[in-house]
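**Student:** Structure below; questions to follow.
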Amino acid sequence: GAVVSQHPSRVICKSGTSVKIECRSLDFQATTMFWYRQFPKQSLMLMATSNEGSKATYEQGVEKDKFLINHASLTLSTLTVTSAHPEDSSFYICSARQTTYSNQPQHFGDGTRLSIL
Amino acid sequence: GEDVEQSLFLSVREGDSSVINCTYTDSSSTYLYWYKQEPGAGLQLLTYIFSNMDMKQDQRLTVLLNKKDKHLSLRIADTQTGDSAIYFCAESIGGNTPLVFGKGTRLSVIA
């Protein structure tokens, strides 16, 4: 079945560091990928929709200059948390859907746990 | 607006059936999903159903959809300790639209 790979799985870094998270669709093409954020014991909050070859669409309240999204190919989207601070610590998850067929479900990566010291 | 509601907790004994319920508000929802999340992990797609279906069965999992009442349920037969996790209900109107998630139901299986 469709597989979405997310890397790295865990990041611990100092405040002020920029962190890049990759989301890859391994065996299918995805013109659209989604980035979610999940706080402990809460549901997923959609941050942005990543569109291949064009600008990402951000949800209200999500700073586009803080969370840079690049979707340069049909199999890769990246989320860069710029100048990360402790309040950015969270679990970030991406998802992708096979573009070729209209009725395919979204598949999720294993998530990236970001801890900012 | 879109809203998906789930009960937060469910506790069952090993070997019993579990039924997790979900209600949604968007009548144009085309796809309804159940995802499983184990501690520290991402979301695993369990099953999904199209709005033109009433039921879908896959091994121990049975999904029932009552489109009139906008009610979705997931039944897990012969629940095992390995089924302990958080189960998210989600809906979408299809295409490249994002999913709308419920808050998740934490299933605890007692041995």
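In the structure tokens, chains take the letters A, B, ... in the order shown, each chain's residues start at 1, and ligands count up from 1 in the order shown.
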If you count only C-alpha atoms, which residues fall within 6 Å of range 19-36 of chain A, apart from same-chain ones fewer than 6 positions away, as JSON, numbers by chain?
**Tutor:** {"A": [3, 4, 5, 6, 7, 44, 45, 46, 47, 48, 49, 50, 51, 52, 74, 75, 76, 77, 78, 79, 80, 81, 92, 93, 94, 95, 96, 97, 98, 99]}
**Student:** Would you output that residue set with C-alpha atoms, as an mmCIF file, in the first residue's frame?
**Tutor:**
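Generated output (result.cif):
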data_model
loop_
_atom_site.group_PDB
_atom_site.id
_atom_site.type_symbol
_atom_site.label_atom_id
_atom_site.label_comp_id
_atom_site.auth_asym_id
_atom_site.auth_seq_id
_atom_site.Cartn_x
_atom_site.Cartn_y
_atom_site.Cartn_z
ATOM 1 C CA VAL A 3 3.713 4.671 2.185
ATOM 2 C CA VAL A 4 4.633 8.100 3.444
ATOM 3 C CA SER A 5 8.073 8.497 4.963
ATOM 4 C CA GLN A 6 8.851 11.320 7.355
ATOM 5 C CA HIS A 7 12.344 12.253 8.491
ATOM 6 C CA LEU A 44 -4.320 16.978 14.866
ATOM 7 C CA MET A 45 -4.368 20.618 13.860
ATOM 8 C CA LEU A 46 -3.942 21.377 10.186
ATOM 9 C CA MET A 47 -1.121 23.862 9.660
ATOM 10 C CA ALA A 48 -0.902 24.137 5.911
ATOM 11 C CA THR A 49 -1.581 22.538 2.572
ATOM 12 C CA SER A 50 1.523 22.015 0.483
ATOM 13 C CA ASN A 51 1.052 22.236 -3.276
ATOM 14 C CA GLU A 52 3.652 20.985 -5.727
ATOM 15 C CA LEU A 74 5.685 15.231 -6.692
ATOM 16 C CA THR A 75 7.168 13.062 -3.958
ATOM 17 C CA LEU A 76 8.718 15.502 -1.504
ATOM 18 C CA SER A 77 7.501 18.301 0.728
ATOM 19 C CA THR A 78 9.603 19.935 3.412
ATOM 20 C CA LEU A 79 8.614 21.933 6.480
ATOM 21 C CA THR A 80 11.256 24.198 7.983
ATOM 22 C CA VAL A 81 10.662 25.590 11.444
ATOM 23 C CA TYR A 92 4.535 17.332 13.468
ATOM 24 C CA ILE A 93 2.880 14.923 11.033
ATOM 25 C CA CYS A 94 2.544 15.054 7.284
ATOM 26 C CA SER A 95 0.079 13.281 5.034
ATOM 27 C CA ALA A 96 -0.230 12.688 1.321
ATOM 28 C CA ARG A 97 -2.775 11.288 -1.062
ATOM 29 C CA GLN A 98 -2.117 9.518 -4.312
ATOM 30 C CA THR A 99 -2.994 12.038 -6.976
#
**Student:** For Gln6 in chain B, work out the shell of residues within 10 Å, counting only C-alpha atoms and skipping chain neighbours fewer than 5 positions away, then give it as a list in words.
**Tutor:**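 After dropping sequence-adjacent residues, the list is Ile20, Asn21, Cys22, Thr23, Tyr24, Leu72, Ser73, Tyr87, Phe88, Cys89, Phe101, Gly102, Lys103, Gly104 and Thr105 of chain B.
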**Student:** Any chance you can output those residues with N, CA and C atoms as a PDB file, in the first residue's frame?
**Tutor:**
ATOM      1  N   ILE B  20     -16.620   2.116  18.711  1.00  0.00           N
ATOM      2  CA  ILE B  20     -16.252   3.521  18.828  1.00  0.00           C
ATOM      3  C   ILE B  20     -17.155   4.319  17.900  1.00  0.00           C
ATOM      4  N   ASN B  21     -17.785   5.324  18.454  1.00  0.00           N
ATOM      5  CA  ASN B  21     -18.769   6.098  17.699  1.00  0.00           C
ATOM      6  C   ASN B  21     -18.252   7.482  17.322  1.00  0.00           C
ATOM      7  N   CYS B  22     -18.825   8.011  16.256  1.00  0.00           N
ATOM      8  CA  CYS B  22     -18.400   9.306  15.735  1.00  0.00           C
ATOM      9  C   CYS B  22     -19.594   9.962  15.047  1.00  0.00           C
ATOM     10  N   THR B  23     -19.747  11.254  15.247  1.00  0.00           N
ATOM     11  CA  THR B  23     -20.767  11.998  14.506  1.00  0.00           C
ATOM     12  C   THR B  23     -20.096  13.153  13.782  1.00  0.00           C
ATOM     13  N   TYR B  24     -20.648  13.503  12.645  1.00  0.00           N
ATOM     14  CA  TYR B  24     -20.084  14.593  11.858  1.00  0.00           C
ATOM     15  C   TYR B  24     -21.216  15.496  11.401  1.00  0.00           C
ATOM     16  N   LEU B  72     -21.112   7.535  12.341  1.00  0.00           N
ATOM     17  CA  LEU B  72     -20.148   6.532  11.890  1.00  0.00           C
ATOM     18  C   LEU B  72     -19.687   5.733  13.099  1.00  0.00           C
ATOM     19  N   SER B  73     -19.545   4.443  12.935  1.00  0.00           N
ATOM     20  CA  SER B  73     -19.028   3.639  14.050  1.00  0.00           C
ATOM     21  C   SER B  73     -17.977   2.659  13.547  1.00  0.00           C
ATOM     22  N   TYR B  87      -8.072   6.255  18.635  1.00  0.00           N
ATOM     23  CA  TYR B  87      -8.713   6.068  17.336  1.00  0.00           C
ATOM     24  C   TYR B  87      -9.353   7.392  16.910  1.00  0.00           C
ATOM     25  N   PHE B  88      -8.952   7.852  15.737  1.00  0.00           N
ATOM     26  CA  PHE B  88      -9.467   9.113  15.214  1.00  0.00           C
ATOM     27  C   PHE B  88     -10.445   8.850  14.073  1.00  0.00           C
ATOM     28  N   CYS B  89     -11.559   9.508  14.164  1.00  0.00           N
ATOM     29  CA  CYS B  89     -12.526   9.557  13.081  1.00  0.00           C
ATOM     30  C   CYS B  89     -12.197  10.813  12.275  1.00  0.00           C
ATOM     31  N   PHE B 101     -10.623  16.160  11.646  1.00  0.00           N
ATOM     32  CA  PHE B 101     -10.498  15.088  12.626  1.00  0.00           C
ATOM     33  C   PHE B 101     -11.378  15.317  13.839  1.00  0.00           C
ATOM     34  N   GLY B 102     -11.821  14.217  14.439  1.00  0.00           N
ATOM     35  CA  GLY B 102     -12.367  14.276  15.776  1.00  0.00           C
ATOM     36  C   GLY B 102     -11.222  14.358  16.771  1.00  0.00           C
ATOM     37  N   LYS B 103     -11.539  14.475  18.044  1.00  0.00           N
ATOM     38  CA  LYS B 103     -10.508  14.601  19.076  1.00  0.00           C
ATOM     39  C   LYS B 103      -9.868  13.277  19.446  1.00  0.00           C
ATOM     40  N   GLY B 104     -10.431  12.179  18.936  1.00  0.00           N
ATOM     41  CA  GLY B 104      -9.840  10.874  19.210  1.00  0.00           C
ATOM     42  C   GLY B 104     -10.476  10.193  20.408  1.00  0.00           C
ATOM     43  N   THR B 105     -10.602   8.874  20.308  1.00  0.00           N
ATOM     44  CA  THR B 105     -11.123   8.051  21.404  1.00  0.00           C
ATOM     45  C   THR B 105     -10.004   7.155  21.893  1.00  0.00           C
TER      46      THR B 105
END
**Student:** For CA of Glu63 in chain A and CA of Thr25 in chain B, quote the distance in Å rounded to one decimal.
**Tutor:**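 It comes out at 28.7 Å.
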**Student:** May I ask you to extract the residues of chain B within 12 Å of chain A, using only C-alpha atoms, and to give them as number ranges by chain?
**Tutor:** B: 4-6, 8-9, 30-51, 85-106
**Student:** Would you give me, as an MDAnalysis selection string, the residues in chain A that DSSP reads as strand (DSSP E or B)?
**Tutor:** chainID A and resid 4:7 10:13 19:25 32:38 44:51 57:58 67:73 76:81 90:97 106:108 112:116
**Student:** Would you save the residues of that selection, restricted to C-alpha atoms, as a compact mmCIF listing (two decimals), in the first residue's frame?
**Tutor:**
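Contents of part37.txt, freshly written:
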# COMPACT_ATOMS: atom_id res chain seq x y z
CA VAL A 4 4.63 8.10 3.44
CA SER A 5 8.07 8.50 4.96
CA GLN A 6 8.85 11.32 7.36
CA HIS A 7 12.34 12.25 8.49
CA ARG A 10 12.97 13.03 16.51
CA VAL A 11 14.87 16.30 16.86
CA ILE A 12 16.25 17.92 19.99
CA CYS A 13 17.96 21.26 19.50
CA VAL A 19 14.85 22.58 11.71
CA LYS A 20 13.87 20.95 8.42
CA ILE A 21 11.42 18.05 8.29
CA GLU A 22 10.99 15.99 5.14
CA CYS A 23 7.87 14.20 3.96
CA ARG A 24 8.17 11.75 1.08
CA SER A 25 5.63 9.66 -0.74
CA THR A 32 -0.80 17.90 -2.46
CA MET A 33 0.57 17.09 0.97
CA PHE A 34 -0.66 18.30 4.33
CA TRP A 35 1.21 19.32 7.45
CA TYR A 36 -0.36 18.85 10.87
CA ARG A 37 0.71 19.66 14.38
CA GLN A 38 -0.35 17.65 17.40
CA LEU A 44 -4.32 16.98 14.87
CA MET A 45 -4.37 20.62 13.86
CA LEU A 46 -3.94 21.38 10.19
CA MET A 47 -1.12 23.86 9.66
CA ALA A 48 -0.90 24.14 5.91
CA THR A 49 -1.58 22.54 2.57
CA SER A 50 1.52 22.01 0.48
CA ASN A 51 1.05 22.24 -3.28
CA THR A 57 -1.83 27.52 1.78
CA TYR A 58 -1.60 28.26 5.47
CA PHE A 67 6.91 27.54 9.07
CA LEU A 68 8.39 27.48 5.59
CA ILE A 69 6.98 24.87 3.25
CA ASN A 70 8.56 23.76 0.00
CA HIS A 71 6.99 21.18 -2.31
CA ALA A 72 9.55 20.97 -5.09
CA SER A 73 8.63 17.60 -6.51
CA LEU A 76 8.72 15.50 -1.50
CA SER A 77 7.50 18.30 0.73
CA THR A 78 9.60 19.94 3.41
CA LEU A 79 8.61 21.93 6.48
CA THR A 80 11.26 24.20 7.98
CA VAL A 81 10.66 25.59 11.44
CA SER A 90 5.38 19.58 19.25
CA PHE A 91 4.66 16.50 17.18
CA TYR A 92 4.53 17.33 13.47
CA ILE A 93 2.88 14.92 11.03
CA CYS A 94 2.54 15.05 7.28
CA SER A 95 0.08 13.28 5.03
CA ALA A 96 -0.23 12.69 1.32
CA ARG A 97 -2.77 11.29 -1.06
CA GLN A 106 -4.67 10.08 2.85
CA HIS A 107 -1.70 8.29 4.31
CA PHE A 108 0.35 9.67 7.16
CA THR A 112 8.52 14.12 13.89
CA ARG A 113 8.82 14.94 17.56
CA LEU A 114 10.49 18.32 17.87
CA SER A 115 11.89 19.38 21.23
CA ILE A 116 13.42 22.84 21.56
**Student:** Which neighbours of Pro86 in chain A fall inside 7 Å, counting only C-alpha atoms, when residues of the same chain fewer than 3 positions from it are skipped, and could you give them as a VMD selection string?
**Tutor:** chain A and resid 15 89 116 to 117
